[in-house]
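Asker: My file is protein_27.cif. It has mmCIF, N, CA and C atoms:
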data_work
#
loop_
_atom_site.label_atom_id
_atom_site.label_comp_id
_atom_site.auth_asym_id
_atom_site.auth_seq_id
_atom_site.Cartn_x
_atom_site.Cartn_y
_atom_site.Cartn_z
N MET X 241 110.44 49.11 123.66
CA MET X 241 109.62 49.96 124.50
C MET X 241 110.48 50.56 125.61
N PRO X 242 110.21 51.80 125.96
CA PRO X 242 111.02 52.43 127.02
C PRO X 242 110.61 51.94 128.40
N LYS X 243 111.59 51.84 129.27
CA LYS X 243 111.33 51.46 130.65
C LYS X 243 110.84 52.68 131.42
N LEU X 244 110.14 52.42 132.47
CA LEU X 244 109.70 53.45 133.39
C LEU X 244 110.91 53.92 134.18
N SER X 245 111.12 55.21 134.29
CA SER X 245 112.28 55.70 135.05
C SER X 245 111.79 56.34 136.36
N ILE X 246 112.43 55.96 137.44
CA ILE X 246 112.11 56.51 138.75
C ILE X 246 113.40 56.93 139.42
N THR X 247 113.28 57.82 140.40
CA THR X 247 114.46 58.32 141.09
C THR X 247 114.95 57.30 142.11
N THR X 248 116.15 57.51 142.60
CA THR X 248 116.74 56.61 143.59
C THR X 248 115.95 56.65 144.90
N ALA X 249 115.48 57.83 145.28
CA ALA X 249 114.70 57.95 146.51
C ALA X 249 113.39 57.17 146.40
N GLU X 250 112.72 57.29 145.22
CA GLU X 250 111.49 56.54 145.01
C GLU X 250 111.78 55.03 145.01
N ARG X 251 112.87 54.64 144.38
CA ARG X 251 113.24 53.22 144.34
C ARG X 251 113.42 52.68 145.76
N ASN X 252 114.06 53.46 146.62
CA ASN X 252 114.26 53.04 148.02
C ASN X 252 112.92 52.90 148.75
N GLU X 253 111.99 53.82 148.49
CA GLU X 253 110.68 53.74 149.14
C GLU X 253 109.90 52.52 148.64
N TYR X 254 109.97 52.26 147.33
CA TYR X 254 109.30 51.08 146.78
C TYR X 254 109.91 49.79 147.33
N ARG X 255 111.22 49.79 147.49
CA ARG X 255 111.89 48.61 148.05
C ARG X 255 111.40 48.36 149.49
N ALA X 256 111.22 49.43 150.24
CA ALA X 256 110.71 49.29 151.61
C ALA X 256 109.26 48.78 151.61
N LEU X 257 108.45 49.28 150.66
CA LEU X 257 107.07 48.81 150.56
C LEU X 257 106.99 47.34 150.16
N ALA X 258 107.95 46.89 149.37
CA ALA X 258 107.93 45.52 148.87
C ALA X 258 108.53 44.52 149.85
N HIS X 259 109.07 44.99 150.94
CA HIS X 259 109.77 44.10 151.87
C HIS X 259 108.92 42.92 152.33
N HIS X 260 107.67 43.19 152.66
CA HIS X 260 106.81 42.13 153.20
C HIS X 260 106.13 41.28 152.13
N LEU X 261 106.26 41.66 150.86
CA LEU X 261 105.57 40.94 149.79
C LEU X 261 106.17 39.57 149.52
N LYS X 262 105.34 38.65 149.10
CA LYS X 262 105.78 37.33 148.67
C LYS X 262 105.79 37.31 147.14
N PRO X 263 106.63 36.49 146.51
CA PRO X 263 106.63 36.41 145.05
C PRO X 263 105.27 35.91 144.53
N VAL X 264 104.74 36.61 143.53
CA VAL X 264 103.44 36.23 142.97
C VAL X 264 103.59 35.48 141.65
N VAL X 265 104.75 35.56 141.02
CA VAL X 265 105.00 34.86 139.77
C VAL X 265 106.29 34.06 139.92
N LEU X 266 106.24 32.80 139.50
CA LEU X 266 107.42 31.95 139.53
C LEU X 266 107.82 31.65 138.08
N VAL X 267 109.06 31.98 137.72
CA VAL X 267 109.56 31.71 136.38
C VAL X 267 110.31 30.39 136.43
N GLY X 268 109.87 29.43 135.61
CA GLY X 268 110.43 28.09 135.66
C GLY X 268 111.63 27.90 134.75
N ASP X 269 111.88 26.65 134.39
CA ASP X 269 113.05 26.29 133.59
C ASP X 269 113.00 26.82 132.17
N GLN X 270 111.81 27.10 131.65
CA GLN X 270 111.69 27.61 130.28
C GLN X 270 111.97 29.10 130.19
N GLY X 271 112.14 29.76 131.30
CA GLY X 271 112.49 31.18 131.30
C GLY X 271 111.29 32.07 131.10
N VAL X 272 111.55 33.27 130.60
CA VAL X 272 110.51 34.28 130.42
C VAL X 272 109.82 34.01 129.08
N THR X 273 108.62 33.46 129.14
CA THR X 273 107.83 33.16 127.95
C THR X 273 106.69 34.17 127.84
N GLU X 274 105.92 34.08 126.76
CA GLU X 274 104.78 34.98 126.59
C GLU X 274 103.75 34.78 127.70
N ALA X 275 103.56 33.54 128.11
CA ALA X 275 102.61 33.25 129.19
C ALA X 275 103.07 33.88 130.51
N VAL X 276 104.36 33.81 130.77
CA VAL X 276 104.90 34.42 131.99
C VAL X 276 104.75 35.94 131.93
N LEU X 277 105.03 36.54 130.78
CA LEU X 277 104.88 37.99 130.64
C LEU X 277 103.42 38.41 130.82
N LYS X 278 102.50 37.61 130.31
CA LYS X 278 101.08 37.92 130.46
C LYS X 278 100.68 37.85 131.93
N GLU X 279 101.18 36.85 132.64
CA GLU X 279 100.87 36.71 134.06
C GLU X 279 101.47 37.86 134.87
N ILE X 280 102.68 38.25 134.56
CA ILE X 280 103.31 39.38 135.24
C ILE X 280 102.53 40.67 134.98
N ASP X 281 102.09 40.85 133.72
CA ASP X 281 101.31 42.03 133.36
C ASP X 281 100.01 42.08 134.15
N THR X 282 99.35 40.94 134.30
CA THR X 282 98.11 40.87 135.07
C THR X 282 98.35 41.28 136.52
N HIS X 283 99.41 40.77 137.11
CA HIS X 283 99.71 41.10 138.51
C HIS X 283 100.15 42.55 138.67
N LEU X 284 100.86 43.10 137.69
CA LEU X 284 101.25 44.51 137.76
C LEU X 284 100.03 45.42 137.69
N GLN X 285 99.04 45.05 136.90
CA GLN X 285 97.82 45.86 136.83
C GLN X 285 97.06 45.80 138.15
N ALA X 286 97.09 44.66 138.79
CA ALA X 286 96.36 44.51 140.05
C ALA X 286 97.09 45.12 141.24
N HIS X 287 98.42 44.98 141.28
CA HIS X 287 99.16 45.36 142.49
C HIS X 287 100.17 46.49 142.30
N GLN X 288 100.62 46.78 141.11
CA GLN X 288 101.61 47.80 140.77
C GLN X 288 103.03 47.44 141.20
N LEU X 289 103.21 46.84 142.35
CA LEU X 289 104.52 46.48 142.88
C LEU X 289 104.50 44.99 143.20
N ILE X 290 105.35 44.21 142.51
CA ILE X 290 105.31 42.76 142.70
C ILE X 290 106.72 42.19 142.81
N LYS X 291 106.78 40.98 143.37
CA LYS X 291 108.02 40.22 143.41
C LYS X 291 107.88 39.02 142.49
N ILE X 292 108.99 38.66 141.84
CA ILE X 292 109.04 37.54 140.91
C ILE X 292 110.19 36.64 141.35
N LYS X 293 109.95 35.34 141.37
CA LYS X 293 110.99 34.37 141.71
C LYS X 293 111.45 33.68 140.43
N ILE X 294 112.77 33.67 140.18
CA ILE X 294 113.33 33.05 138.98
C ILE X 294 114.13 31.82 139.38
N ASN X 295 113.83 30.70 138.72
CA ASN X 295 114.47 29.43 139.04
C ASN X 295 115.68 29.23 138.12
N ASP X 296 116.73 30.00 138.33
CA ASP X 296 117.95 29.84 137.55
C ASP X 296 119.13 30.20 138.44
N ASP X 297 120.20 29.44 138.33
CA ASP X 297 121.34 29.66 139.21
C ASP X 297 122.28 30.75 138.74
N GLU X 298 122.29 31.05 137.44
CA GLU X 298 123.21 32.05 136.89
C GLU X 298 122.68 33.47 137.09
N ARG X 299 123.48 34.32 137.73
CA ARG X 299 123.08 35.70 137.96
C ARG X 299 122.88 36.46 136.66
N SER X 300 123.73 36.20 135.66
CA SER X 300 123.61 36.91 134.38
C SER X 300 122.28 36.58 133.69
N VAL X 301 121.81 35.35 133.82
CA VAL X 301 120.52 34.96 133.23
C VAL X 301 119.38 35.67 133.96
N ARG X 302 119.48 35.75 135.28
CA ARG X 302 118.45 36.44 136.05
C ARG X 302 118.44 37.93 135.72
N GLN X 303 119.62 38.53 135.56
CA GLN X 303 119.70 39.95 135.21
C GLN X 303 119.11 40.19 133.82
N ALA X 304 119.39 39.29 132.88
CA ALA X 304 118.82 39.41 131.53
C ALA X 304 117.30 39.25 131.56
N SER X 305 116.81 38.36 132.40
CA SER X 305 115.36 38.17 132.54
C SER X 305 114.71 39.43 133.09
N LEU X 306 115.35 40.06 134.07
CA LEU X 306 114.83 41.30 134.63
C LEU X 306 114.75 42.38 133.56
N GLN X 307 115.80 42.52 132.75
CA GLN X 307 115.79 43.51 131.67
C GLN X 307 114.70 43.19 130.65
N THR X 308 114.54 41.93 130.29
CA THR X 308 113.52 41.52 129.33
C THR X 308 112.12 41.85 129.83
N ILE X 309 111.87 41.53 131.09
CA ILE X 309 110.55 41.79 131.68
C ILE X 309 110.27 43.29 131.72
N CYS X 310 111.23 44.06 132.19
CA CYS X 310 111.02 45.51 132.32
C CYS X 310 110.87 46.17 130.95
N ASP X 311 111.63 45.73 129.95
CA ASP X 311 111.50 46.31 128.62
C ASP X 311 110.17 45.95 127.97
N ALA X 312 109.75 44.70 128.12
CA ALA X 312 108.52 44.24 127.47
C ALA X 312 107.28 44.85 128.11
N LEU X 313 107.30 45.09 129.41
CA LEU X 313 106.11 45.55 130.12
C LEU X 313 106.18 47.01 130.56
N GLU X 314 107.23 47.72 130.15
CA GLU X 314 107.42 49.13 130.51
C GLU X 314 107.37 49.32 132.03
N ALA X 315 108.10 48.49 132.73
CA ALA X 315 108.14 48.53 134.19
C ALA X 315 109.52 49.01 134.64
N ALA X 316 109.61 49.34 135.92
CA ALA X 316 110.87 49.79 136.49
C ALA X 316 111.43 48.71 137.40
N PRO X 317 112.71 48.36 137.22
CA PRO X 317 113.31 47.40 138.15
C PRO X 317 113.56 48.08 139.50
N ILE X 318 113.12 47.45 140.56
CA ILE X 318 113.29 48.02 141.89
C ILE X 318 114.44 47.35 142.62
N HIS X 319 114.46 46.01 142.59
CA HIS X 319 115.46 45.30 143.39
C HIS X 319 115.71 43.92 142.79
N HIS X 320 116.93 43.45 142.93
CA HIS X 320 117.30 42.11 142.48
C HIS X 320 118.18 41.52 143.57
N LEU X 321 117.61 40.61 144.34
CA LEU X 321 118.34 40.00 145.43
C LEU X 321 118.22 38.49 145.31
N GLY X 322 119.32 37.84 145.00
CA GLY X 322 119.29 36.40 144.81
C GLY X 322 118.41 36.03 143.63
N LYS X 323 117.45 35.16 143.86
CA LYS X 323 116.55 34.73 142.80
C LYS X 323 115.24 35.50 142.79
N THR X 324 115.14 36.54 143.60
CA THR X 324 113.92 37.33 143.71
C THR X 324 114.10 38.70 143.05
N LEU X 325 113.17 39.02 142.15
CA LEU X 325 113.17 40.32 141.47
C LEU X 325 111.96 41.11 141.94
N THR X 326 112.12 42.41 142.09
CA THR X 326 111.01 43.28 142.45
C THR X 326 110.88 44.31 141.34
N ILE X 327 109.65 44.45 140.80
CA ILE X 327 109.42 45.43 139.74
C ILE X 327 108.18 46.25 140.05
N TYR X 328 108.09 47.43 139.41
CA TYR X 328 107.00 48.36 139.65
C TYR X 328 106.53 48.94 138.32
N ARG X 329 105.22 49.06 138.20
CA ARG X 329 104.63 49.79 137.08
C ARG X 329 103.36 50.47 137.58
N ARG X 330 103.25 51.75 137.33
CA ARG X 330 102.12 52.55 137.78
C ARG X 330 100.86 52.18 137.01
N ASN X 331 99.75 51.99 137.72
CA ASN X 331 98.45 51.78 137.12
C ASN X 331 97.63 53.04 137.36
N PRO X 332 97.26 53.78 136.30
CA PRO X 332 96.55 55.04 136.49
C PRO X 332 95.15 54.89 137.07
N LEU X 333 94.58 53.68 137.06
CA LEU X 333 93.26 53.47 137.63
C LEU X 333 93.30 53.21 139.12
N LYS X 334 94.49 53.09 139.70
CA LYS X 334 94.62 52.83 141.13
C LYS X 334 95.33 54.02 141.79
N PRO X 335 95.13 54.21 143.07
CA PRO X 335 95.86 55.28 143.77
C PRO X 335 97.36 54.99 143.77
N ALA X 336 98.14 56.04 143.72
CA ALA X 336 99.59 55.89 143.72
C ALA X 336 100.06 55.28 145.04
N LEU X 337 101.06 54.42 144.97
CA LEU X 337 101.58 53.78 146.17
C LEU X 337 102.27 54.78 147.09
N LEU X 338 102.96 55.75 146.49
CA LEU X 338 103.68 56.73 147.30
C LEU X 338 102.89 58.01 147.51
N GLY X 339 101.68 58.08 146.97
CA GLY X 339 100.84 59.26 147.17
C GLY X 339 101.23 60.45 146.33
N SER X 340 102.00 60.24 145.27
CA SER X 340 102.44 61.36 144.44
C SER X 340 101.90 61.22 143.02
N ALA X 341 100.59 61.01 142.90
CA ALA X 341 99.98 60.85 141.57
C ALA X 341 99.70 62.21 140.96
N PRO X 342 100.01 62.40 139.70
CA PRO X 342 99.65 63.65 139.02
C PRO X 342 98.14 63.82 138.98
N ASP X 343 97.68 65.07 138.94
CA ASP X 343 96.25 65.36 138.98
C ASP X 343 95.52 64.90 137.72
N ASP X 344 96.21 64.84 136.59
CA ASP X 344 95.54 64.51 135.34
C ASP X 344 95.36 63.01 135.13
N GLU X 345 95.90 62.16 136.00
CA GLU X 345 95.76 60.72 135.84
C GLU X 345 94.38 60.27 136.29
N LEU X 346 93.92 59.19 135.68
CA LEU X 346 92.62 58.63 136.02
C LEU X 346 92.64 58.03 137.42
N HIS X 347 91.51 58.10 138.07
CA HIS X 347 91.35 57.45 139.36
C HIS X 347 89.94 56.88 139.41
N ASN X 348 89.80 55.72 139.97
CA ASN X 348 88.51 55.06 140.04
C ASN X 348 87.71 55.67 141.19
N PRO X 349 86.68 56.47 140.89
CA PRO X 349 85.92 57.12 141.96
C PRO X 349 85.02 56.15 142.72
N LEU X 350 84.80 54.95 142.19
CA LEU X 350 83.95 53.99 142.87
C LEU X 350 84.67 53.30 144.02
N ARG X 351 85.98 53.39 144.04
CA ARG X 351 86.73 52.75 145.11
C ARG X 351 86.71 53.64 146.35
N ARG X 352 86.42 53.03 147.47
CA ARG X 352 86.36 53.81 148.71
C ARG X 352 87.76 54.00 149.27
N GLY X 353 87.94 55.02 150.08
CA GLY X 353 89.21 55.29 150.70
C GLY X 353 89.53 54.28 151.79
N ARG X 354 90.76 54.29 152.26
CA ARG X 354 91.18 53.32 153.27
C ARG X 354 90.47 53.52 154.60
N ASN X 355 90.18 54.75 154.96
CA ASN X 355 89.55 55.03 156.25
C ASN X 355 88.04 55.14 156.14
N GLU X 356 87.50 54.96 154.94
CA GLU X 356 86.07 55.08 154.73
C GLU X 356 85.39 53.75 155.01
N PRO X 357 84.32 53.73 155.80
CA PRO X 357 83.66 52.46 156.12
C PRO X 357 82.92 51.88 154.92
N TYR X 358 82.75 50.57 154.92
CA TYR X 358 82.05 49.88 153.84
C TYR X 358 80.56 50.13 153.94
N THR X 359 79.94 50.48 152.81
CA THR X 359 78.50 50.66 152.74
C THR X 359 77.92 49.53 151.89
N PRO X 360 77.02 48.72 152.43
CA PRO X 360 76.43 47.64 151.64
C PRO X 360 75.69 48.19 150.41
N LYS X 361 75.58 47.35 149.38
CA LYS X 361 74.99 47.78 148.11
C LYS X 361 73.55 48.24 148.27
N LYS X 362 72.78 47.55 149.12
CA LYS X 362 71.37 47.92 149.22
C LYS X 362 71.21 49.32 149.81
N TYR X 363 72.12 49.74 150.69
CA TYR X 363 72.07 51.10 151.23
C TYR X 363 72.59 52.12 150.21
N ALA X 364 73.64 51.75 149.49
CA ALA X 364 74.19 52.66 148.49
C ALA X 364 73.18 52.91 147.38
N ALA X 365 72.39 51.90 147.01
CA ALA X 365 71.37 52.07 145.97
C ALA X 365 70.28 53.03 146.42
N GLN X 366 70.06 53.14 147.72
CA GLN X 366 69.06 54.06 148.26
C GLN X 366 69.65 55.45 148.50
N GLY X 367 70.93 55.64 148.20
CA GLY X 367 71.57 56.94 148.41
C GLY X 367 72.05 57.15 149.82
N LEU X 368 72.22 56.08 150.57
CA LEU X 368 72.68 56.19 151.95
C LEU X 368 74.15 55.82 152.04
N LYS X 369 74.80 56.32 153.07
CA LYS X 369 76.22 56.05 153.28
C LYS X 369 76.46 55.82 154.77
N LYS X 370 77.32 54.87 155.09
CA LYS X 370 77.64 54.58 156.48
C LYS X 370 78.71 55.53 156.99
N SER X 371 78.54 56.02 158.21
CA SER X 371 79.57 56.85 158.83
C SER X 371 80.53 55.95 159.60
N LYS X 372 81.59 56.54 160.14
CA LYS X 372 82.56 55.74 160.90
C LYS X 372 81.95 55.14 162.15
N SER X 373 80.92 55.79 162.67
CA SER X 373 80.27 55.26 163.87
C SER X 373 79.27 54.16 163.54
N GLY X 374 79.01 53.92 162.24
CA GLY X 374 78.11 52.85 161.83
C GLY X 374 76.71 53.31 161.53
N GLN X 375 76.43 54.61 161.68
CA GLN X 375 75.09 55.11 161.40
C GLN X 375 74.95 55.41 159.91
N LEU X 376 73.71 55.34 159.41
CA LEU X 376 73.43 55.62 158.00
C LEU X 376 73.03 57.08 157.81
N HIS X 377 73.59 57.72 156.78
CA HIS X 377 73.30 59.10 156.44
C HIS X 377 73.08 59.21 154.95
N LYS X 378 72.37 60.25 154.53
CA LYS X 378 72.22 60.48 153.09
C LYS X 378 73.54 60.97 152.54
N LYS X 379 73.86 60.54 151.31
CA LYS X 379 75.10 60.98 150.67
C LYS X 379 75.02 62.46 150.36
N LYS X 380 76.12 63.15 150.53
CA LYS X 380 76.21 64.57 150.19
C LYS X 380 76.50 64.69 148.71
N ARG X 381 75.78 65.52 148.03
CA ARG X 381 76.00 65.74 146.59
C ARG X 381 77.13 66.75 146.42
N LYS X 382 77.98 66.49 145.43
CA LYS X 382 79.10 67.41 145.19
C LYS X 382 78.73 68.44 144.17
#
I'd like the structure from this file rewritten - as structure tokens, please.

Answerer:
Amino acid sequence: MPKLSITTAERNEYRALAHHLKPVVLVGDQGVTEAVLKEIDTHLQAHQLIKIKINDDERSVRQASLQTICDALEAAPIHHLGKTLTIYRRNPLKPALLGSAPDDELHNPLRRGRNEPYTPKKYAAQGLKKSKSGQLHKKKRK
């Protein structure tokens, strides 16, 4: 399977975004197994950008694991520092991390924006929407 290819500038931006992240998958002594790949795939779908911790002292083994993971899951390697790997794979159902999503990609319209206030379900079912000031208004039809 082909790996996802990204530019150096994008890689640098993703590396900056991943700085505060903690590893979500730990690869043990058995290495990269099907179960580990499935877990990584689940986290990539949820987060798009993740860190992986590999418990092996040999750099060549860690580099081979990174290549195996990226090839199997069609992800892009972002960073490899010590025993921590950072990888990225775009999920078309989520907003792009860098804000450069093509127009033809899917987006989940049910997800609210970051600056949009939360509207409880009972109000949304009545066709009402909360404003930033906390008042209820009827939803505008598009």

Asker: Rank X:Lys323, X:Leu244, X:Arg354, X:Glu279 by their smallest atom-to-atom distance to Asp297 (chain X), using only C-alpha atoms, and report the top residue only.

Answerer: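 Between X:Lys323, X:Leu244, X:Arg354, X:Glu279, the residue approaching Asp297 (chain X) most closely is X:Lys323.
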
Asker: Residues at most 12 Å from Thr282 (chain X), counting only C-alpha atoms, excluding those fewer than 5 positions away in the same chain, as a PDB file with N, CA and C atoms, in the frame of the given file?

Answerer:
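Output saved as selection.pdb:
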ATOM      1  N   VAL X 264     104.740  36.610 143.530  1.00  0.00           N
ATOM      2  CA  VAL X 264     103.440  36.230 142.970  1.00  0.00           C
ATOM      3  C   VAL X 264     103.590  35.480 141.650  1.00  0.00           C
ATOM      4  N   VAL X 265     104.750  35.560 141.020  1.00  0.00           N
ATOM      5  CA  VAL X 265     105.000  34.860 139.770  1.00  0.00           C
ATOM      6  C   VAL X 265     106.290  34.060 139.920  1.00  0.00           C
ATOM      7  N   ALA X 275     103.560  33.540 128.110  1.00  0.00           N
ATOM      8  CA  ALA X 275     102.610  33.250 129.190  1.00  0.00           C
ATOM      9  C   ALA X 275     103.070  33.880 130.510  1.00  0.00           C
ATOM     10  N   VAL X 276     104.360  33.810 130.770  1.00  0.00           N
ATOM     11  CA  VAL X 276     104.900  34.420 131.990  1.00  0.00           C
ATOM     12  C   VAL X 276     104.750  35.940 131.930  1.00  0.00           C
ATOM     13  N   LEU X 277     105.030  36.540 130.780  1.00  0.00           N
ATOM     14  CA  LEU X 277     104.880  37.990 130.640  1.00  0.00           C
ATOM     15  C   LEU X 277     103.420  38.410 130.820  1.00  0.00           C
ATOM     16  N   HIS X 287      98.420  44.980 141.280  1.00  0.00           N
ATOM     17  CA  HIS X 287      99.160  45.360 142.490  1.00  0.00           C
ATOM     18  C   HIS X 287     100.170  46.490 142.300  1.00  0.00           C
ATOM     19  N   GLN X 288     100.620  46.780 141.110  1.00  0.00           N
ATOM     20  CA  GLN X 288     101.610  47.800 140.770  1.00  0.00           C
ATOM     21  C   GLN X 288     103.030  47.440 141.200  1.00  0.00           C
ATOM     22  N   LEU X 289     103.210  46.840 142.350  1.00  0.00           N
ATOM     23  CA  LEU X 289     104.520  46.480 142.880  1.00  0.00           C
ATOM     24  C   LEU X 289     104.500  44.990 143.200  1.00  0.00           C
ATOM     25  N   ILE X 290     105.350  44.210 142.510  1.00  0.00           N
ATOM     26  CA  ILE X 290     105.310  42.760 142.700  1.00  0.00           C
ATOM     27  C   ILE X 290     106.720  42.190 142.810  1.00  0.00           C
ATOM     28  N   LEU X 313     107.300  45.090 129.410  1.00  0.00           N
ATOM     29  CA  LEU X 313     106.110  45.550 130.120  1.00  0.00           C
ATOM     30  C   LEU X 313     106.180  47.010 130.560  1.00  0.00           C
ATOM     31  N   ARG X 329     105.220  49.060 138.200  1.00  0.00           N
ATOM     32  CA  ARG X 329     104.630  49.790 137.080  1.00  0.00           C
ATOM     33  C   ARG X 329     103.360  50.470 137.580  1.00  0.00           C
ATOM     34  N   ASN X 331      99.750  51.990 137.720  1.00  0.00           N
ATOM     35  CA  ASN X 331      98.450  51.780 137.120  1.00  0.00           C
ATOM     36  C   ASN X 331      97.630  53.040 137.360  1.00  0.00           C
TER      37      ASN X 331
END

Asker: To one decimal in Å, tell me the separation between atom N of Ile318 (chain X) and atom C of Ile246 (chain X).

Answerer: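 Atom C of Ile246 (chain X) lies 9.6 Å from atom N of Ile318 (chain X).
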
Asker: Run the PyMOL selection byres ((chain X and resi 296) around 8) on the file and write out the hits as a ChimeraX atom specification.

Answerer: /X:267-269,293-295,297-299,301-302,322-323

Asker: Can I get the selected residues back with N, CA and C atoms, as a compact mmCIF listing (two decimals), keeping the file's coordinate frame?

Answerer:
# COMPACT_ATOMS: atom_id res chain seq x y z
N VAL X 267 109.06 31.98 137.72
CA VAL X 267 109.56 31.71 136.38
C VAL X 267 110.31 30.39 136.43
N GLY X 268 109.87 29.43 135.61
CA GLY X 268 110.43 28.09 135.66
C GLY X 268 111.63 27.90 134.75
N ASP X 269 111.88 26.65 134.39
CA ASP X 269 113.05 26.29 133.59
C ASP X 269 113.00 26.82 132.17
N LYS X 293 109.95 35.34 141.37
CA LYS X 293 110.99 34.37 141.71
C LYS X 293 111.45 33.68 140.43
N ILE X 294 112.77 33.67 140.18
CA ILE X 294 113.33 33.05 138.98
C ILE X 294 114.13 31.82 139.38
N ASN X 295 113.83 30.70 138.72
CA ASN X 295 114.47 29.43 139.04
C ASN X 295 115.68 29.23 138.12
N ASP X 297 120.20 29.44 138.33
CA ASP X 297 121.34 29.66 139.21
C ASP X 297 122.28 30.75 138.74
N GLU X 298 122.29 31.05 137.44
CA GLU X 298 123.21 32.05 136.89
C GLU X 298 122.68 33.47 137.09
N ARG X 299 123.48 34.32 137.73
CA ARG X 299 123.08 35.70 137.96
C ARG X 299 122.88 36.46 136.66
N VAL X 301 121.81 35.35 133.82
CA VAL X 301 120.52 34.96 133.23
C VAL X 301 119.38 35.67 133.96
N ARG X 302 119.48 35.75 135.28
CA ARG X 302 118.45 36.44 136.05
C ARG X 302 118.44 37.93 135.72
N GLY X 322 119.32 37.84 145.00
CA GLY X 322 119.29 36.40 144.81
C GLY X 322 118.41 36.03 143.63
N LYS X 323 117.45 35.16 143.86
CA LYS X 323 116.55 34.73 142.80
C LYS X 323 115.24 35.50 142.79

Asker: Using atom N of Ala304 (chain X) and atom C of His319 (chain X) as the two end points, give the distance in Å to one decimal.

Answerer: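 One can read the atom N of Ala304 (chain X) to atom C of His319 (chain X) distance as 11.5 Å.
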
Asker: Report, in Å to a single decimal, how far apart CA of Ile292 (chain X) and atom N of Thr326 (chain X) are.

Answerer: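 Going from atom N of Thr326 (chain X) over to CA of Ile292 (chain X), I get 5.9 Å.
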
Asker: So which one's closest to Glu314 (chain X), X:Leu266, X:Ile280, X:Leu333, X:Ala249? Using only C-alpha atoms, please.

Answerer: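 Of the candidates, the smallest distance to Glu314 (chain X) is held by X:Ile280.
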
Asker: Give the strand (DSSP E or B) residues of chain X, as DSSP finds them on the backbone, and put them as a list in words.

Answerer: Pro263, Val264, Val265, Leu266, Val267, Leu289, Ile290, Lys291, Ile292, Lys293, Ile294, Ala316, Pro317, Ile318, His319, His320, Leu321, Thr324, Leu325, Thr326, Ile327, Tyr328, Leu368, Lys369, Lys370, Leu376, His377 and Lys378 of chain X

Asker: Could you please write out, as a PyMOL selection string, every residue of chain X that DSSP assigns to helix (DSSP H, G or I)?

Answerer: chain X and resi 248-257+274-287+299-313+361-365

Asker: Check the smallest atom-to-atom distance from each of X:Ala286, X:Leu257, X:Thr247, X:Ser305 to Leu338 (chain X) using only C-alpha atoms, then report the winner.

Answerer: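 Looking at the shortest contact to Leu338 (chain X), the residue is X:Leu257.
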
Asker: As AutoDock Vina command-line options, please report the centre and edge lengths, rounded to one decimal in Å, of the axis-aligned box that holds all listed atoms of region 244-250 of chain X with 3 Å of padding on each of the six sides.

Answerer:
--center_x 113.2 --center_y 55.4 --center_z 139.5 --size_x 13.0 --size_y 11.9 --size_z 20.0

Asker: Starting from the point (85.6, 52.6, 159.9), work out which residues of protein, DNA or RNA have an atom no more than 9 Å away when counting only C-alpha atoms; state them as a count of residues only.

Answerer: 10

Asker: Pick from X:Arg255, X:Lys291, X:Lys379, X:His320: nearest to Gln366 (chain X), with all atoms listed in the file counted?

Answerer: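 Ranking X:Arg255, X:Lys291, X:Lys379, X:His320 by distance to Gln366 (chain X), first place goes to X:Lys379.
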